[in-house]
Amino acid sequence: MLSDVDFAAVWLTLKLATTTTVILLIVGTPIAWWLARTRSKWKGAIGAVVALPLVLPPTVLGFYLLIALGPHGLIGQLTQSLGWGVLPFTFVGLVVASVFYSMPFVVQPLQQAFEVIGTRPLEVAATLRASPWDAFFSVVLPLAKPGFITASILGFAHTVGEFGVVLMIGGNIPEKTQVVSVQIYNHVEALEYAEAHVLAGGMLLFSFLVLLALYSRKGTNAWK
Amino acid sequence: MTPDEAIHARFQVIWPGFTLEIDLKLPGRGVTALFGHSGSGKTTLLRCLAGLERQSTGLLNFKGDVWQDSARGICRPTYQRPLGYVFQEASLFPHLSVWKNLNYGRKRVNNKHKVSLDQAVALLGIGHLLDRMPGRLSGGERQRVAIARALATSPELLLMDEPLAALDLKRKNEILPYLERLHDELEIPVFYVSHAPDEIARLADHVVLLSEGRVVAAGGLQETLARLDLPTAFTEDAGVVIEAVVADHDETYHLTRLDFTGGSVVVARRPEALGCRLRFRVHARDVSLTLTRAEGTSIANLLPATVTEVADADTPAHALVRLDAGGTPLIARITRRSLAHLDVTLNKPMWAQIKAVALLG
C-alpha cells in the first residue's frame, strides 16, 4: 500500500518531529522560565517574537529563514565558516526551521505552567536548603509536569503538520527533506489519490488521537 | 547578652508607598513576637531575616555570623542560611507525601547534630499522617507538618509568619499547645509574626511592636506590655502578662494558688500539677486601687504595690496607673476622680485589687 518513498517520508517526519521536540524542550524551557519570571521591559517584545509563527504565513518564516541560512545570510556565513556548509535543503536546515516554527507551541504551555506555580514553592525550597537549580529540578519540574506533557505533544504534532516552511527550506528531496505533508502534495499533483488517501488518512487519525489524548487527560495533576 | 548570642538586624526596604527601616538587637533565644497591624512590615522583616527580600539593604549578624552586610556586598542566599521558615498558608509540596515533605529539607542538611525526625514528628503529633498526600490533610494538620518539616532541618533560627492566621479557632486551639511545647523544648530563637495579642501573650518572651515599617517598641513581653506610652492601637486592651508557677491546690474550696515574682493569686482549681508554669493576663480594667488593705471584701487577690507611672487612658474620664508589685508590673485603669481622691502619686504604696485574671492555655 505504501511505497518505499512513502515509508521514507513517514520515517523522516517522525525523526524530524522527535528531534525538534527534544531541542525545543531544552531551548524552550529557559525561555519560558524567563518569560514567566521576568519583570524586564523586554518581556513583551520577546513574548511577541516567540508567538510570531502563530500568525505569520509559514512561507514568510520560510522565506526569511532561507535567506538567513543561505550562503549570503548571517547564519549561513557562520555555518560555512565552521565548515558545516549551508543548511537549506538539508535535514539539519529543516530542524532549525521547525524549531522556530513550533516554538510557541512549546514555550507557551511551559510559561503558563511556570506562572501557575508562582514563586512560593521556590521560596519554600530555599528555606529547606535547596539551591535554585536543585529547587528547579526537585520542585518546579514535577509541579510543571502537565505543562511539559502538553508542550511535548503540541510541539511534536505541530511539527508533523508543517508544510509551507518545509517546502521553502527543505524542498522536496526524498529521504532528506521529503516529509509526509509534502509527499501527500506530490501524490495529489500526480493524481495518485489512493496513495494520497492512505497518507492523509493516517495524518488525520494521528492528529485526532493526539488531540484526544491531550483533551481527555484526567485532571492536570496526578497527585490530586 | 554577649554579641555572640545576639542577633543584630538593620534593614532598609524601599517600595513605592512603603518603607521598612529598622535597627534591632534581638535576643538569641526564646520566642520574639513581631507584632503590628497588617502593612506594618512584620512579614517583610521576617523575609529580610530569611534573605527572601532581594531588595533589602542593611546588616544581619546572627550570633557572630554575618548573613548580610550590604556595605561589603555580602548577602548569603536563603538556602545557605541555617533557618526554618513556616509560611502563613500551607506550603507543603503537593507532589510529595508527608514523609517526603519532611525529608526534603532534612536530607539537604549536612549537620551532624540533627534534630531527630522522630522527635519532630512526635513533637507535632503527626505520626499517623506520614503516608498521606498533602491534599488529603486538614488545614491544621498541614501547618503541623510544615512546622515539623522546618524543624527537621535542625535550624538555628525558626521564623514563623502567622502560622495560625489561615485557621479557624478550633484548628488554632489544636496547634497552640504544640507551639507552646516548641517554646518549652527548643533552644533556638524563634521569631513569630502575629497580630493576635492572645497568641503573643501565650507564646512570646520578647515583643517587637511595628508600625508603618518602624519599630515602636521592643523588649521583654512583660515590660513592653506594661508600658503606658505605646499608641492606643496596642493598648486598647491594656494589661499585663504574668508568668507563674502552680504552688498549691485547695481541695476544700476548689482553688489553685499561683506564685510569681512578688506575690501570688488564687484562681479556680486548675488541672495542672504543682510546679507547672502558667501564664495569665491581668487586664487594666480588672485592677482597682485602695489606700489600705481592704477588709471585708469578696475580692480574693490583693497585692501591695507601688505607683511607678501615671498616664492618659483611652477616655478623658480614665487614667492608667502602672504599679510595681514586688518586681511584677501591673496596670490599673481607674477614673480621673479616683486618681484625685486617692491622691495617686509616684512611689506611693497602695493595694491593688485584682477582680479577674485570664489564664492563657
# chains A, B, ... in the order shown; residues from 1 in each chain; ligands from 1
call {"tool": "closest_atom_pairs", "arguments": {"of": "chain B", "to": "chain A", "cutoff": "6 Å", "atoms": "only C-alpha atoms", "output": "tab-separated table"}}
result
residue	atom	partner	partner_atom	distance
B:Thr78	CA	A:Ala126	CA	5.7
B:Tyr79	CA	A:Arg129	CA	4.1
B:His95	CA	A:Trp223	CA	5.9
B:Gly105	CA	A:Leu128	CA	4.3
call {"tool": "select_by_dssp", "arguments": {"residues": "segment 37-206 of chain B", "states": "helix (DSSP H, G or I)", "output": "VMD selection string"}}
result
chain B and resid 42 to 50 70 to 72 78 to 80 98 to 106 117 to 124 127 to 129 134 to 136 139 to 151 169 to 185 197 to 203
call {"tool": "atom_distance", "arguments": {"atom1": "atom CA of Thr177 of chain A", "atom2": "atom CA of Val86 of chain A"}}
result
14.5 Å
call {"tool": "atom_distance", "arguments": {"atom1": "atom CA of Ala165 of chain B", "atom2": "atom CA of Tyr85 of chain B"}}
result
15.1 Å
call {"tool": "residues_around", "arguments": {"residues": "Leu154 of chain A", "least_positions_apart": "2", "cutoff": "10 Å", "atoms": "only C-alpha atoms", "output": "list in words"}}
result
Thr21, Ser102, Met103, Pro104, Phe105, Val106, Pro109, Phe148, Ile149, Thr150, Ala151, Ser152, Phe156, Ala157, His158, Thr159, Val160, Val210, Leu211 and Leu214 of chain A
call {"tool": "residues_around", "arguments": {"residues": "Val10 of chain A", "least_positions_apart": "3", "cutoff": "10 Å", "atoms": "only C-alpha atoms", "output": "mmCIF file with N, CA and C atoms, in the first residue's frame"}}
result
data_model
loop_
_atom_site.group_PDB
_atom_site.id
_atom_site.type_symbol
_atom_site.label_atom_id
_atom_site.label_comp_id
_atom_site.auth_asym_id
_atom_site.auth_seq_id
_atom_site.Cartn_x
_atom_site.Cartn_y
_atom_site.Cartn_z
ATOM 1 N N LEU A 2 1.910 1.250 0.894
ATOM 2 C CA LEU A 2 2.835 2.376 0.927
ATOM 3 C C LEU A 2 4.105 2.022 0.179
ATOM 4 N N ASP A 4 8.172 2.592 -0.903
ATOM 5 C CA ASP A 4 9.375 2.848 -0.115
ATOM 6 C C ASP A 4 9.546 4.342 0.132
ATOM 7 N N VAL A 5 9.199 5.131 -0.884
ATOM 8 C CA VAL A 5 9.334 6.571 -0.758
ATOM 9 C C VAL A 5 8.372 7.097 0.314
ATOM 10 N N ASP A 6 7.145 6.524 0.314
ATOM 11 C CA ASP A 6 6.178 6.922 1.333
ATOM 12 C C ASP A 6 6.697 6.580 2.722
ATOM 13 N N PHE A 7 7.217 5.377 2.878
ATOM 14 C CA PHE A 7 7.745 4.948 4.180
ATOM 15 C C PHE A 7 8.878 5.859 4.633
ATOM 16 N N THR A 13 9.487 12.173 8.800
ATOM 17 C CA THR A 13 8.591 13.060 9.554
ATOM 18 C C THR A 13 8.728 12.808 11.050
ATOM 19 N N LEU A 14 8.693 11.514 11.436
ATOM 20 C CA LEU A 14 8.799 11.167 12.863
ATOM 21 C C LEU A 14 10.151 11.618 13.419
ATOM 22 N N LYS A 15 11.199 11.397 12.624
ATOM 23 C CA LYS A 15 12.544 11.785 13.065
ATOM 24 C C LYS A 15 12.624 13.299 13.258
ATOM 25 N N LEU A 16 12.049 14.036 12.308
ATOM 26 C CA LEU A 16 12.071 15.493 12.372
ATOM 27 C C LEU A 16 11.297 15.990 13.595
ATOM 28 N N VAL A 160 4.858 17.727 12.926
ATOM 29 C CA VAL A 160 4.387 16.729 11.958
ATOM 30 C C VAL A 160 3.515 17.397 10.900
ATOM 31 N N GLU A 175 13.878 11.156 1.177
ATOM 32 C CA GLU A 175 14.739 10.652 2.257
ATOM 33 C C GLU A 175 15.592 11.724 2.911
ATOM 34 N N GLN A 178 11.895 15.201 2.322
ATOM 35 C CA GLN A 178 10.527 14.959 1.870
ATOM 36 C C GLN A 178 9.695 14.336 2.986
ATOM 37 N N VAL A 179 8.925 15.188 3.695
ATOM 38 C CA VAL A 179 8.111 14.695 4.811
ATOM 39 C C VAL A 179 6.715 14.344 4.309
ATOM 40 N N VAL A 180 5.882 13.793 5.197
ATOM 41 C CA VAL A 180 4.583 13.262 4.793
ATOM 42 C C VAL A 180 3.702 14.316 4.124
ATOM 43 N N SER A 181 3.646 15.505 4.740
ATOM 44 C CA SER A 181 2.743 16.519 4.191
ATOM 45 C C SER A 181 3.132 16.883 2.756
ATOM 46 N N GLN A 183 4.796 14.867 0.725
ATOM 47 C CA GLN A 183 4.571 13.672 -0.086
ATOM 48 C C GLN A 183 3.095 13.576 -0.520
ATOM 49 N N LEU A 199 -1.894 8.264 3.158
ATOM 50 C CA LEU A 199 -1.094 9.180 3.987
ATOM 51 C C LEU A 199 -1.966 10.217 4.682
ATOM 52 N N GLY A 202 -3.902 8.679 7.396
ATOM 53 C CA GLY A 202 -3.005 8.405 8.520
ATOM 54 C C GLY A 202 -2.772 9.667 9.357
ATOM 55 N N MET A 203 -2.539 10.779 8.660
ATOM 56 C CA MET A 203 -2.317 12.052 9.359
ATOM 57 C C MET A 203 -3.557 12.458 10.152
#
call {"tool": "select_by_dssp", "arguments": {"residues": "segment 75-260 of chain B", "states": "strand (DSSP E or B)", "output": "PyMOL selection string"}}
result
chain B and resi 75+83-86+157-161+190-194+206-211+214-220+239-250+255-260
call {"tool": "residues_around", "arguments": {"residues": "Ala150 of chain B", "least_positions_apart": "5", "cutoff": "12 Å", "atoms": "only C-alpha atoms", "output": "ChimeraX atom specification"}}
result
/A:124-129 /B:82-87,91-92,101-106,109,115,117,120-121,124,143-145,155-160,190
call {"tool": "residues_around", "arguments": {"residues": "Glu199 of chain B", "least_positions_apart": "4", "cutoff": "10 Å", "atoms": "only C-alpha atoms", "output": "list of chain:residue names"}}
result
B:Ala33, B:Glu162, B:Leu164, B:Lys172, B:Leu176, B:Leu179, B:Tyr192, B:Val193, B:Ser194, B:His195, B:Leu203, B:Ala204, B:Leu360, B:Gly361
call {"tool": "residues_around", "arguments": {"residues": "Glu141 of chain B", "least_positions_apart": "4", "cutoff": "10 Å", "atoms": "only C-alpha atoms", "output": "mmCIF file with C-alpha atoms, in the first residue's frame"}}
result
data_model
loop_
_atom_site.group_PDB
_atom_site.id
_atom_site.type_symbol
_atom_site.label_atom_id
_atom_site.label_comp_id
_atom_site.auth_asym_id
_atom_site.auth_seq_id
_atom_site.Cartn_x
_atom_site.Cartn_y
_atom_site.Cartn_z
ATOM 1 C CA ALA B 90 0.010 25.765 53.744
ATOM 2 C CA LEU B 124 3.890 17.922 66.364
ATOM 3 C CA GLY B 125 1.844 14.737 66.715
ATOM 4 C CA ILE B 126 1.830 13.806 63.031
ATOM 5 C CA LEU B 129 -0.098 11.175 58.698
ATOM 6 C CA PRO B 134 -0.849 16.971 51.491
ATOM 7 C CA ARG B 136 -5.721 14.940 51.982
ATOM 8 C CA LEU B 137 -4.801 16.802 55.173
ATOM 9 C CA VAL B 145 3.607 19.100 59.039
ATOM 10 C CA ALA B 146 5.064 22.382 57.752
ATOM 11 C CA ILE B 147 6.386 23.191 61.225
ATOM 12 C CA ARG B 171 -7.678 24.483 64.463
ATOM 13 C CA GLU B 174 -5.376 22.403 68.117
ATOM 14 C CA ILE B 175 -1.953 23.849 67.186
#
call {"tool": "atom_distance", "arguments": {"atom1": "atom CA of Pro27 of chain B", "atom2": "atom CA of Arg47 of chain B"}}
result
18.2 Å
call {"tool": "closest_residue", "arguments": {"among": "B:Pro329, B:Gln12, B:Gly140, B:Thr308", "to": "Val344 of chain B", "atoms": "only C-alpha atoms"}}
result
B:Thr308
call {"tool": "decode", "arguments": {"residues": "segment 78-122 of chain A", "atoms": "N, CA and C atoms", "output": "mmCIF file, in the first residue's frame"}}
result
data_model
loop_
_atom_site.group_PDB
_atom_site.id
_atom_site.type_symbol
_atom_site.label_atom_id
_atom_site.label_comp_id
_atom_site.auth_asym_id
_atom_site.auth_seq_id
_atom_site.Cartn_x
_atom_site.Cartn_y
_atom_site.Cartn_z
ATOM 1 N N LEU A 78 28.046 31.924 9.045
ATOM 2 C CA LEU A 78 28.592 31.311 10.256
ATOM 3 C C LEU A 78 28.795 29.814 10.046
ATOM 4 N N THR A 79 27.735 29.133 9.528
ATOM 5 C CA THR A 79 27.842 27.680 9.346
ATOM 6 C C THR A 79 28.925 27.348 8.328
ATOM 7 N N GLN A 80 29.098 28.214 7.330
ATOM 8 C CA GLN A 80 30.144 27.949 6.332
ATOM 9 C C GLN A 80 31.528 28.112 6.943
ATOM 10 N N SER A 81 31.683 29.161 7.779
ATOM 11 C CA SER A 81 32.998 29.382 8.367
ATOM 12 C C SER A 81 33.335 28.270 9.361
ATOM 13 N N LEU A 82 32.300 27.606 9.894
ATOM 14 C CA LEU A 82 32.545 26.477 10.801
ATOM 15 C C LEU A 82 32.736 25.175 10.024
ATOM 16 N N GLY A 83 32.620 25.280 8.700
ATOM 17 C CA GLY A 83 32.820 24.102 7.869
ATOM 18 C C GLY A 83 31.611 23.191 7.788
ATOM 19 N N TRP A 84 30.426 23.704 8.138
ATOM 20 C CA TRP A 84 29.220 22.871 8.071
ATOM 21 C C TRP A 84 28.446 23.043 6.764
ATOM 22 N N GLY A 85 28.953 23.910 5.885
ATOM 23 C CA GLY A 85 28.234 24.178 4.651
ATOM 24 C C GLY A 85 26.999 25.005 4.907
ATOM 25 N N VAL A 86 26.087 25.019 3.940
ATOM 26 C CA VAL A 86 24.846 25.760 4.139
ATOM 27 C C VAL A 86 23.722 24.789 4.447
ATOM 28 N N LEU A 87 22.746 25.269 5.257
ATOM 29 C CA LEU A 87 21.736 24.372 5.793
ATOM 30 C C LEU A 87 20.481 24.173 4.928
ATOM 31 N N PRO A 88 20.077 25.142 4.126
ATOM 32 C CA PRO A 88 18.852 24.903 3.344
ATOM 33 C C PRO A 88 18.973 23.635 2.494
ATOM 34 N N PHE A 89 17.841 22.953 2.357
ATOM 35 C CA PHE A 89 17.763 21.694 1.600
ATOM 36 C C PHE A 89 18.542 20.560 2.251
ATOM 37 N N THR A 90 18.732 20.656 3.585
ATOM 38 C CA THR A 90 19.277 19.531 4.341
ATOM 39 C C THR A 90 18.334 19.247 5.510
ATOM 40 N N PHE A 91 18.514 18.095 6.117
ATOM 41 C CA PHE A 91 17.683 17.730 7.271
ATOM 42 C C PHE A 91 17.919 18.705 8.432
ATOM 43 N N VAL A 92 19.186 19.071 8.646
ATOM 44 C CA VAL A 92 19.506 19.987 9.737
ATOM 45 C C VAL A 92 18.792 21.318 9.539
ATOM 46 N N GLY A 93 18.784 21.795 8.274
ATOM 47 C CA GLY A 93 18.088 23.040 7.973
ATOM 48 C C GLY A 93 16.616 22.939 8.326
ATOM 49 N N LEU A 94 16.044 21.758 8.039
ATOM 50 C CA LEU A 94 14.644 21.508 8.345
ATOM 51 C C LEU A 94 14.399 21.563 9.859
ATOM 52 N N VAL A 95 15.337 20.994 10.609
ATOM 53 C CA VAL A 95 15.204 21.000 12.062
ATOM 54 C C VAL A 95 15.245 22.438 12.587
ATOM 55 N N VAL A 96 16.199 23.208 12.093
ATOM 56 C CA VAL A 96 16.314 24.602 12.537
ATOM 57 C C VAL A 96 15.017 25.350 12.255
ATOM 58 N N ALA A 97 14.489 25.184 11.048
ATOM 59 C CA ALA A 97 13.254 25.873 10.675
ATOM 60 C C ALA A 97 12.093 25.415 11.575
ATOM 61 N N SER A 98 12.024 24.112 11.839
ATOM 62 C CA SER A 98 10.923 23.579 12.641
ATOM 63 C C SER A 98 10.980 24.103 14.079
ATOM 64 N N VAL A 99 12.205 24.265 14.577
ATOM 65 C CA VAL A 99 12.350 24.771 15.949
ATOM 66 C C VAL A 99 11.724 26.155 16.054
ATOM 67 N N PHE A 100 12.004 27.009 15.070
ATOM 68 C CA PHE A 100 11.384 28.338 15.092
ATOM 69 C C PHE A 100 9.869 28.230 14.930
ATOM 70 N N TYR A 101 9.469 27.382 13.975
ATOM 71 C CA TYR A 101 8.070 27.301 13.600
ATOM 72 C C TYR A 101 7.197 26.776 14.744
ATOM 73 N N SER A 102 7.698 25.812 15.511
ATOM 74 C CA SER A 102 6.894 25.193 16.573
ATOM 75 C C SER A 102 7.165 25.797 17.944
ATOM 76 N N MET A 103 8.048 26.764 18.010
ATOM 77 C CA MET A 103 8.443 27.357 19.293
ATOM 78 C C MET A 103 7.250 27.753 20.181
ATOM 79 N N PRO A 104 6.275 28.511 19.688
ATOM 80 C CA PRO A 104 5.204 28.952 20.597
ATOM 81 C C PRO A 104 4.396 27.793 21.172
ATOM 82 N N PHE A 105 4.324 26.690 20.447
ATOM 83 C CA PHE A 105 3.524 25.568 20.926
ATOM 84 C C PHE A 105 4.182 24.860 22.103
ATOM 85 N N VAL A 106 5.479 25.084 22.283
ATOM 86 C CA VAL A 106 6.180 24.510 23.436
ATOM 87 C C VAL A 106 6.347 25.570 24.528
ATOM 88 N N VAL A 107 6.749 26.775 24.120
ATOM 89 C CA VAL A 107 7.058 27.806 25.115
ATOM 90 C C VAL A 107 5.797 28.236 25.878
ATOM 91 N N GLN A 108 4.698 28.420 25.167
ATOM 92 C CA GLN A 108 3.518 28.962 25.846
ATOM 93 C C GLN A 108 2.930 28.047 26.925
ATOM 94 N N PRO A 109 2.755 26.743 26.648
ATOM 95 C CA PRO A 109 2.255 25.895 27.751
ATOM 96 C C PRO A 109 3.222 25.850 28.939
ATOM 97 N N LEU A 110 4.531 25.874 28.656
ATOM 98 C CA LEU A 110 5.514 25.848 29.750
ATOM 99 C C LEU A 110 5.440 27.134 30.553
ATOM 100 N N GLN A 111 5.366 28.262 29.836
ATOM 101 C CA GLN A 111 5.298 29.556 30.511
ATOM 102 C C GLN A 111 4.076 29.598 31.424
ATOM 103 N N GLN A 112 2.967 29.113 30.899
ATOM 104 C CA GLN A 112 1.741 29.104 31.685
ATOM 105 C C GLN A 112 1.897 28.234 32.938
ATOM 106 N N ALA A 113 2.506 27.060 32.753
ATOM 107 C CA ALA A 113 2.702 26.158 33.897
ATOM 108 C C ALA A 113 3.584 26.820 34.952
ATOM 109 N N PHE A 114 4.649 27.497 34.515
ATOM 110 C CA PHE A 114 5.558 28.149 35.464
ATOM 111 C C PHE A 114 4.854 29.294 36.184
ATOM 112 N N GLU A 115 4.012 30.017 35.440
ATOM 113 C CA GLU A 115 3.309 31.138 36.069
ATOM 114 C C GLU A 115 2.340 30.644 37.139
ATOM 115 N N VAL A 116 1.685 29.523 36.869
ATOM 116 C CA VAL A 116 0.733 28.974 37.845
ATOM 117 C C VAL A 116 1.461 28.564 39.125
ATOM 118 N N ILE A 117 2.646 28.002 38.965
ATOM 119 C CA ILE A 117 3.409 27.563 40.150
ATOM 120 C C ILE A 117 3.775 28.753 41.025
ATOM 121 N N GLY A 118 4.133 29.867 40.414
ATOM 122 C CA GLY A 118 4.466 31.058 41.199
ATOM 123 C C GLY A 118 5.820 30.942 41.879
ATOM 124 N N THR A 119 6.106 31.887 42.775
ATOM 125 C CA THR A 119 7.430 31.902 43.397
ATOM 126 C C THR A 119 7.447 31.208 44.756
ATOM 127 N N ARG A 120 6.258 31.019 45.355
ATOM 128 C CA ARG A 120 6.230 30.482 46.719
ATOM 129 C C ARG A 120 6.940 29.124 46.874
ATOM 130 N N PRO A 121 6.653 28.130 45.992
ATOM 131 C CA PRO A 121 7.343 26.842 46.175
ATOM 132 C C PRO A 121 8.868 26.981 46.114
ATOM 133 N N LEU A 122 9.369 27.939 45.320
ATOM 134 C CA LEU A 122 10.815 28.138 45.242
ATOM 135 C C LEU A 122 11.345 28.725 46.536
#
